[in-house]
Amino acid sequence: MPQENVWYETLHANFGQYFTVENVLYHNKTEHQDLIIFENAEMGRIMALDGVVQTTERDEFIYHEMMAHVPLFAHGQAKKVLIIGGGDGGMLREVCRHNYLNNITMVEIDAGVVEFCRQYLPNHNAGAYDDPRFKLVIDDGVSFVNTTSDKFDVIISDCTDPEGPGESLFTSEFYEGCARCLNDGGIFVAQNGVCFLQQGEAITSHKKLTHCFADSGFYQAAIPTYYGGIMTFAWATQNPALRQISLKTLQQRFDNAAITCRYYTPAVHAGSFALPQYLLDSLSGNQ
């Protein structure tokens, strides 16, 4: 029987994880979803939406560093970045560490997520919301990318799983809009689930992205909170050379940026595009 001080997450039948709850900091329904922020002795403060953990203080750096730094260092000359989602502020924090950027726009559908994460997860944004280059837009991501007149060098879709408010961020309409508002040589990346348990999500995204981009694929990182194996990140661009940037060039860009990371390194960047055979088989239709 579930205990009152234990919070359970079961994304899959007969398999899940639990967190002991030391203290509930906030729990209520926003305009779009159920949001809870609570404290756990092992993972720190944890935020979940509609019963699914989105981020924890202890391991969020892996997710946010890999989603931000891989496309930015691969691009090398980005000036304008668009973040879709990311209301907890962690992605914005990592993007803002690239001092050469001129403009950072974040489109979040749920103002409540931004408001309550700023209050209860301050370490995630670490002051990034006050960066003068930053602009917050409260809007639906699909609508924004299909109507904006702005162009971006890197688009990061820091979305929830393809259910509820995040469902539209896995559609062809969204991918087409992102392709439309990317500058030449631009890069699109997106959270794409834990591929061992969610292979269908990766297969579907891959099929849709190939219709919009000349080069699409995935890179990976292991993030403890997202249980079940490696997490995949969708990668798409019109320039296939961008995911084959040499380790020497990546190291030069990383050194020039003078950013200190806890997970990302140029070597990890280069190796992250090597995928396990079971995923390669699934993507090629051999499984």
# chains A, B, ... in the order shown; residues from 1 in each chain; ligands from 1

$ residues_around --residues "region 59-73 of chain A" --least-positions-apart "2" --cutoff "6 Å" --atoms "only C-alpha atoms" --output "compact mmCIF listing (two decimals) with C-alpha atoms, in the first residue's frame"
# COMPACT_ATOMS: atom_id res chain seq x y z
CA THR A 55 13.53 17.71 -12.67
CA THR A 56 15.47 17.26 -9.44
CA GLU A 57 18.09 19.51 -7.92
CA HIS A 75 27.01 25.47 -34.06
CA GLY A 76 29.89 27.62 -32.91
CA MET A 91 17.90 25.37 -19.55
CA VAL A 95 22.21 28.88 -22.32
CA TYR A 263 28.89 16.63 -16.97

$ closest_atom_pairs --of "region 75-104 of chain A" --to "region 146-152 of chain A" --cutoff "12 Å" --atoms "only C-alpha atoms" --output "JSON lines"
{"residue": "A:His75", "atom": "CA", "partner": "A:Phe152", "partner_atom": "CA", "distance": 11.7}
{"residue": "A:Gln77", "atom": "CA", "partner": "A:Phe152", "partner_atom": "CA", "distance": 11.5}
{"residue": "A:Ala78", "atom": "CA", "partner": "A:Phe152", "partner_atom": "CA", "distance": 8.2}
{"residue": "A:Lys79", "atom": "CA", "partner": "A:Phe152", "partner_atom": "CA", "distance": 7.8}
{"residue": "A:Lys80", "atom": "CA", "partner": "A:Phe152", "partner_atom": "CA", "distance": 5.0}
{"residue": "A:Val81", "atom": "CA", "partner": "A:Phe152", "partner_atom": "CA", "distance": 5.6}
{"residue": "A:Leu82", "atom": "CA", "partner": "A:Phe152", "partner_atom": "CA", "distance": 6.4}
{"residue": "A:Ile83", "atom": "CA", "partner": "A:Phe152", "partner_atom": "CA", "distance": 10.1}
{"residue": "A:Leu101", "atom": "CA", "partner": "A:Phe152", "partner_atom": "CA", "distance": 11.1}
{"residue": "A:Asn102", "atom": "CA", "partner": "A:Phe152", "partner_atom": "CA", "distance": 10.8}
{"residue": "A:Asn103", "atom": "CA", "partner": "A:Phe152", "partner_atom": "CA", "distance": 9.1}
{"residue": "A:Ile104", "atom": "CA", "partner": "A:Phe152", "partner_atom": "CA", "distance": 9.2}

$ select_by_dssp --residues "region 7-149 of chain A" --states "strand (DSSP E)" --output "PyMOL selection string"
chain A and resi 7-12+15-20+23-29+34-40+44-49+52-56+80-85+103-108+134-138

$ atom_distance --atom1 "CA of Val194 (chain A)" --atom2 "CA of Ala274 (chain A)"
15.3 Å

$ atom_distance --atom1 "CA of Cys261 (chain A)" --atom2 "CA of Trp235 (chain A)"
21.2 Å

$ select_by_dssp --residues "region 3-231 of chain A" --states "helix (DSSP H, G or I)" --output "tab-separated table (two decimals) with N, CA and C atoms, in the first residue's frame"
chain	number	residue	atom	x	y	z
A	60	GLU	N	19.79	17.53	-12.29
A	60	GLU	CA	19.31	18.33	-13.43
A	60	GLU	C	20.44	18.84	-14.31
A	61	PHE	N	21.63	19.00	-13.72
A	61	PHE	CA	22.74	19.56	-14.49
A	61	PHE	C	23.10	18.70	-15.70
A	62	ILE	N	22.91	17.38	-15.61
A	62	ILE	CA	23.24	16.50	-16.74
A	62	ILE	C	22.33	16.82	-17.92
A	63	TYR	N	21.05	16.83	-17.66
A	63	TYR	CA	20.05	17.09	-18.69
A	63	TYR	C	20.27	18.47	-19.32
A	64	HIS	N	20.37	19.48	-18.49
A	64	HIS	CA	20.44	20.84	-19.01
A	64	HIS	C	21.75	21.14	-19.71
A	65	GLU	N	22.86	20.61	-19.20
A	65	GLU	CA	24.14	20.83	-19.89
A	65	GLU	C	24.15	20.17	-21.27
A	66	MET	N	23.63	18.96	-21.35
A	66	MET	CA	23.67	18.26	-22.64
A	66	MET	C	22.72	18.86	-23.66
A	67	MET	N	21.58	19.34	-23.22
A	67	MET	CA	20.64	19.94	-24.17
A	67	MET	C	21.07	21.32	-24.62
A	68	ALA	N	21.78	22.04	-23.76
A	68	ALA	CA	22.21	23.39	-24.12
A	68	ALA	C	23.55	23.41	-24.85
A	69	HIS	N	24.55	22.75	-24.29
A	69	HIS	CA	25.91	22.91	-24.79
A	69	HIS	C	26.19	22.11	-26.05
A	70	VAL	N	25.56	20.96	-26.24
A	70	VAL	CA	25.82	20.19	-27.45
A	70	VAL	C	25.44	20.99	-28.70
A	71	PRO	N	24.23	21.52	-28.82
A	71	PRO	CA	23.92	22.29	-30.04
A	71	PRO	C	24.70	23.60	-30.13
A	72	LEU	N	24.94	24.26	-29.00
A	72	LEU	CA	25.62	25.56	-29.06
A	72	LEU	C	27.08	25.42	-29.45
A	73	PHE	N	27.77	24.42	-28.92
A	73	PHE	CA	29.17	24.23	-29.30
A	73	PHE	C	29.29	23.60	-30.69
A	74	ALA	N	28.31	22.82	-31.09
A	74	ALA	CA	28.32	22.28	-32.45
A	74	ALA	C	28.12	23.40	-33.46
A	75	HIS	N	27.26	24.35	-33.15
A	75	HIS	CA	27.01	25.47	-34.06
A	75	HIS	C	28.23	26.38	-34.14
A	90	GLY	N	16.29	25.90	-15.65
A	90	GLY	CA	17.59	25.27	-15.77
A	90	GLY	C	18.21	25.40	-17.15
A	91	MET	N	17.39	25.25	-18.19
A	91	MET	CA	17.90	25.37	-19.55
A	91	MET	C	18.35	26.81	-19.82
A	92	LEU	N	17.57	27.75	-19.36
A	92	LEU	CA	17.93	29.16	-19.52
A	92	LEU	C	19.25	29.45	-18.84
A	93	ARG	N	19.45	28.91	-17.66
A	93	ARG	CA	20.71	29.12	-16.93
A	93	ARG	C	21.92	28.69	-17.76
A	94	GLU	N	21.83	27.48	-18.34
A	94	GLU	CA	22.96	26.97	-19.11
A	94	GLU	C	23.17	27.74	-20.41
A	95	VAL	N	22.08	28.10	-21.08
A	95	VAL	CA	22.21	28.88	-22.32
A	95	VAL	C	22.83	30.25	-22.03
A	96	CYS	N	22.43	30.87	-20.93
A	96	CYS	CA	22.94	32.20	-20.59
A	96	CYS	C	24.44	32.21	-20.29
A	111	ALA	N	2.46	29.84	-17.38
A	111	ALA	CA	3.09	30.87	-16.55
A	111	ALA	C	3.26	30.41	-15.12
A	112	GLY	N	2.38	29.52	-14.67
A	112	GLY	CA	2.46	29.02	-13.30
A	112	GLY	C	3.74	28.26	-13.04
A	113	VAL	N	4.20	27.49	-14.02
A	113	VAL	CA	5.45	26.74	-13.86
A	113	VAL	C	6.61	27.70	-13.63
A	114	VAL	N	6.66	28.76	-14.43
A	114	VAL	CA	7.72	29.76	-14.28
A	114	VAL	C	7.65	30.41	-12.90
A	115	GLU	N	6.46	30.83	-12.52
A	115	GLU	CA	6.28	31.55	-11.25
A	115	GLU	C	6.70	30.70	-10.06
A	116	PHE	N	6.20	29.47	-10.00
A	116	PHE	CA	6.44	28.67	-8.81
A	116	PHE	C	7.84	28.06	-8.79
A	117	CYS	N	8.42	27.80	-9.96
A	117	CYS	CA	9.79	27.31	-9.98
A	117	CYS	C	10.78	28.41	-9.61
A	118	ARG	N	10.48	29.63	-9.98
A	118	ARG	CA	11.34	30.75	-9.57
A	118	ARG	C	11.35	30.87	-8.05
A	119	GLN	N	10.21	30.59	-7.45
A	119	GLN	CA	10.10	30.70	-6.00
A	119	GLN	C	10.69	29.51	-5.27
A	120	TYR	N	10.41	28.29	-5.76
A	120	TYR	CA	10.76	27.09	-5.02
A	120	TYR	C	11.96	26.33	-5.57
A	122	PRO	N	14.97	27.98	-6.93
A	122	PRO	CA	15.81	29.12	-7.35
A	122	PRO	C	17.17	28.70	-7.89
A	123	ASN	N	17.68	27.56	-7.46
A	123	ASN	CA	18.99	27.11	-7.94
A	123	ASN	C	18.96	26.72	-9.41
A	124	HIS	N	17.78	26.40	-9.92
A	124	HIS	CA	17.68	26.03	-11.34
A	124	HIS	C	17.99	27.22	-12.24
A	125	ASN	N	17.34	28.34	-12.00
A	125	ASN	CA	17.58	29.49	-12.88
A	125	ASN	C	18.81	30.28	-12.46
A	128	ALA	N	19.18	33.61	-13.92
A	128	ALA	CA	19.16	33.76	-15.38
A	128	ALA	C	17.95	34.55	-15.88
A	129	TYR	N	16.86	34.54	-15.14
A	129	TYR	CA	15.69	35.30	-15.57
A	129	TYR	C	15.96	36.80	-15.60
A	130	ASP	N	17.02	37.24	-14.95
A	130	ASP	CA	17.36	38.66	-14.94
A	130	ASP	C	18.38	39.03	-16.01
A	141	GLY	N	3.93	26.66	-27.88
A	141	GLY	CA	5.13	26.55	-28.69
A	141	GLY	C	4.85	26.36	-30.16
A	142	VAL	N	3.85	25.56	-30.49
A	142	VAL	CA	3.50	25.31	-31.89
A	142	VAL	C	3.05	26.60	-32.56
A	143	SER	N	2.19	27.32	-31.88
A	143	SER	CA	1.71	28.59	-32.43
A	143	SER	C	2.86	29.56	-32.64
A	144	PHE	N	3.77	29.63	-31.68
A	144	PHE	CA	4.87	30.59	-31.77
A	144	PHE	C	5.76	30.31	-32.98
A	145	VAL	N	6.22	29.07	-33.13
A	145	VAL	CA	7.18	28.79	-34.22
A	145	VAL	C	6.54	28.88	-35.59
A	146	ASN	N	5.22	28.79	-35.66
A	146	ASN	CA	4.55	28.88	-36.94
A	146	ASN	C	4.09	30.30	-37.29
A	147	THR	N	4.23	31.22	-36.36
A	147	THR	CA	3.76	32.59	-36.62
A	147	THR	C	4.84	33.65	-36.43
A	164	GLY	N	-0.69	15.54	-22.61
A	164	GLY	CA	-1.11	16.81	-22.04
A	164	GLY	C	-0.55	17.98	-22.82
A	165	PRO	N	-0.10	19.06	-22.12
A	165	PRO	CA	0.38	20.26	-22.80
A	165	PRO	C	1.58	20.01	-23.71
A	166	GLY	N	2.37	18.95	-23.44
A	166	GLY	CA	3.56	18.68	-24.23
A	166	GLY	C	3.30	17.90	-25.51
A	167	GLU	N	2.09	17.40	-25.68
A	167	GLU	CA	1.80	16.53	-26.82
A	167	GLU	C	2.04	17.21	-28.16
A	168	SER	N	1.67	18.49	-28.25
A	168	SER	CA	1.78	19.20	-29.52
A	168	SER	C	3.22	19.43	-29.95
A	169	LEU	N	4.17	19.31	-28.99
A	169	LEU	CA	5.58	19.56	-29.31
A	169	LEU	C	6.27	18.34	-29.92
A	170	PHE	N	5.49	17.33	-30.28
A	170	PHE	CA	6.01	16.15	-30.97
A	170	PHE	C	5.31	15.95	-32.31
A	172	SER	N	4.27	16.97	-36.42
A	172	SER	CA	4.89	17.47	-37.65
A	172	SER	C	4.73	18.98	-37.77
A	173	GLU	N	3.60	19.49	-37.32
A	173	GLU	CA	3.35	20.94	-37.38
A	173	GLU	C	4.41	21.70	-36.59
A	174	PHE	N	4.77	21.18	-35.42
A	174	PHE	CA	5.79	21.83	-34.60
A	174	PHE	C	7.15	21.74	-35.26
A	175	TYR	N	7.51	20.57	-35.74
A	175	TYR	CA	8.82	20.39	-36.38
A	175	TYR	C	8.94	21.26	-37.63
A	176	GLU	N	7.87	21.35	-38.40
A	176	GLU	CA	7.88	22.20	-39.60
A	176	GLU	C	8.07	23.67	-39.22
A	177	GLY	N	7.41	24.08	-38.15
A	177	GLY	CA	7.56	25.46	-37.69
A	177	GLY	C	8.97	25.76	-37.23
A	178	CYS	N	9.58	24.79	-36.54
A	178	CYS	CA	10.96	24.98	-36.08
A	178	CYS	C	11.91	25.08	-37.27
A	179	ALA	N	11.72	24.21	-38.27
A	179	ALA	CA	12.56	24.28	-39.47
A	179	ALA	C	12.40	25.63	-40.16
A	180	ARG	N	11.17	26.16	-40.16
A	180	ARG	CA	10.88	27.43	-40.82
A	180	ARG	C	11.60	28.60	-40.16
A	199	GLN	N	10.78	3.56	-27.02
A	199	GLN	CA	11.32	3.53	-28.37
A	199	GLN	C	10.34	4.08	-29.40
A	200	GLY	N	9.06	3.86	-29.16
A	200	GLY	CA	8.06	4.36	-30.09
A	200	GLY	C	8.12	5.86	-30.24
A	201	GLU	N	8.43	6.55	-29.15
A	201	GLU	CA	8.53	8.01	-29.18
A	201	GLU	C	9.67	8.44	-30.09
A	202	ALA	N	10.83	7.76	-29.96
A	202	ALA	CA	11.98	8.09	-30.80
A	202	ALA	C	11.72	7.78	-32.27
A	203	ILE	N	11.10	6.64	-32.53
A	203	ILE	CA	10.81	6.24	-33.92
A	203	ILE	C	9.88	7.24	-34.59
A	204	THR	N	8.83	7.63	-33.87
A	204	THR	CA	7.87	8.58	-34.43
A	204	THR	C	8.51	9.94	-34.69
A	205	SER	N	9.30	10.42	-33.73
A	205	SER	CA	9.97	11.71	-33.91
A	205	SER	C	10.93	11.66	-35.10
A	206	HIS	N	11.66	10.56	-35.21
A	206	HIS	CA	12.64	10.43	-36.30
A	206	HIS	C	11.95	10.50	-37.66
A	207	LYS	N	10.84	9.79	-37.80
A	207	LYS	CA	10.11	9.79	-39.07
A	207	LYS	C	9.63	11.19	-39.44
A	208	LYS	N	9.13	11.91	-38.45
A	208	LYS	CA	8.61	13.26	-38.71
A	208	LYS	C	9.73	14.25	-39.00
A	209	LEU	N	10.84	14.13	-38.27
A	209	LEU	CA	11.94	15.07	-38.45
A	209	LEU	C	12.62	14.90	-39.81
A	210	THR	N	12.66	13.67	-40.32
A	210	THR	CA	13.31	13.45	-41.62
A	210	THR	C	12.58	14.15	-42.76

$ closest_residue --among "A:Phe19, A:Phe188, A:Tyr264, A:Tyr8" --to "Thr237 (chain A)" --atoms "only C-alpha atoms"
A:Phe188

$ closest_residue --among "A:Arg97, A:Leu11, A:Ile84, A:His269" --to "Leu136 (chain A)" --atoms "only C-alpha atoms"
A:Ile84

$ residues_around --residues "Leu25 (chain A)" --least-positions-apart "2" --cutoff "10 Å" --atoms "only C-alpha atoms" --output "PDB file with N, CA, C and O atoms, in the first residue's frame"
ATOM      1  N   GLU A  22       9.986  14.530   2.115  1.00  0.00           N
ATOM      2  CA  GLU A  22      10.349  15.155   3.389  1.00  0.00           C
ATOM      3  C   GLU A  22       9.431  16.344   3.684  1.00  0.00           C
ATOM      4  O   GLU A  22       9.048  16.580   4.824  1.00  0.00           O
ATOM      5  N   ASN A  23       9.077  17.065   2.614  1.00  0.00           N
ATOM      6  CA  ASN A  23       8.266  18.263   2.796  1.00  0.00           C
ATOM      7  C   ASN A  23       7.678  18.686   1.457  1.00  0.00           C
ATOM      8  O   ASN A  23       8.400  18.764   0.470  1.00  0.00           O
ATOM      9  N   HIS A  27       1.808  22.429  -4.014  1.00  0.00           N
ATOM     10  CA  HIS A  27       1.029  21.455  -4.780  1.00  0.00           C
ATOM     11  C   HIS A  27      -0.320  22.073  -5.131  1.00  0.00           C
ATOM     12  O   HIS A  27      -1.112  22.415  -4.265  1.00  0.00           O
ATOM     13  N   ILE A  36       3.570  19.812  -8.562  1.00  0.00           N
ATOM     14  CA  ILE A  36       3.998  19.596  -7.191  1.00  0.00           C
ATOM     15  C   ILE A  36       5.504  19.800  -7.102  1.00  0.00           C
ATOM     16  O   ILE A  36       6.253  19.407  -7.991  1.00  0.00           O
ATOM     17  N   ILE A  37       5.936  20.468  -6.057  1.00  0.00           N
ATOM     18  CA  ILE A  37       7.350  20.628  -5.750  1.00  0.00           C
ATOM     19  C   ILE A  37       7.544  20.163  -4.313  1.00  0.00           C
ATOM     20  O   ILE A  37       6.889  20.660  -3.396  1.00  0.00           O
ATOM     21  N   PHE A  38       8.409  19.160  -4.134  1.00  0.00           N
ATOM     22  CA  PHE A  38       8.631  18.631  -2.789  1.00  0.00           C
ATOM     23  C   PHE A  38      10.112  18.368  -2.565  1.00  0.00           C
ATOM     24  O   PHE A  38      10.916  18.365  -3.504  1.00  0.00           O
ATOM     25  N   GLU A  39      10.469  18.141  -1.307  1.00  0.00           N
ATOM     26  CA  GLU A  39      11.853  17.898  -0.944  1.00  0.00           C
ATOM     27  C   GLU A  39      12.084  16.420  -0.665  1.00  0.00           C
ATOM     28  O   GLU A  39      11.249  15.758  -0.033  1.00  0.00           O
ATOM     29  N   ARG A  45      15.242  19.168  -4.017  1.00  0.00           N
ATOM     30  CA  ARG A  45      13.903  19.595  -4.424  1.00  0.00           C
ATOM     31  C   ARG A  45      13.548  18.986  -5.774  1.00  0.00           C
ATOM     32  O   ARG A  45      14.382  18.945  -6.686  1.00  0.00           O
ATOM     33  N   ILE A  46      12.320  18.530  -5.883  1.00  0.00           N
ATOM     34  CA  ILE A  46      11.847  17.797  -7.055  1.00  0.00           C
ATOM     35  C   ILE A  46      10.565  18.450  -7.559  1.00  0.00           C
ATOM     36  O   ILE A  46       9.691  18.813  -6.772  1.00  0.00           O
ATOM     37  N   MET A  47      10.465  18.600  -8.876  1.00  0.00           N
ATOM     38  CA  MET A  47       9.241  19.134  -9.478  1.00  0.00           C
ATOM     39  C   MET A  47       8.634  18.089 -10.397  1.00  0.00           C
ATOM     40  O   MET A  47       9.336  17.479 -11.205  1.00  0.00           O
ATOM     41  N   PHE A 116       6.201  29.473  -9.995  1.00  0.00           N
ATOM     42  CA  PHE A 116       6.438  28.672  -8.809  1.00  0.00           C
ATOM     43  C   PHE A 116       7.835  28.061  -8.788  1.00  0.00           C
ATOM     44  O   PHE A 116       8.403  27.840  -7.722  1.00  0.00           O
ATOM     45  N   GLN A 119      10.211  30.587  -7.448  1.00  0.00           N
ATOM     46  CA  GLN A 119      10.101  30.704  -5.996  1.00  0.00           C
ATOM     47  C   GLN A 119      10.695  29.509  -5.268  1.00  0.00           C
ATOM     48  O   GLN A 119      11.415  29.673  -4.273  1.00  0.00           O
ATOM     49  N   TYR A 120      10.408  28.294  -5.757  1.00  0.00           N
ATOM     50  CA  TYR A 120      10.756  27.090  -5.015  1.00  0.00           C
ATOM     51  C   TYR A 120      11.957  26.326  -5.572  1.00  0.00           C
ATOM     52  O   TYR A 120      12.492  25.449  -4.884  1.00  0.00           O
TER      53      TYR A 120
END

$ atom_distance --atom1 "CA of Gly51 (chain A)" --atom2 "CA of Leu35 (chain A)"
8.1 Å
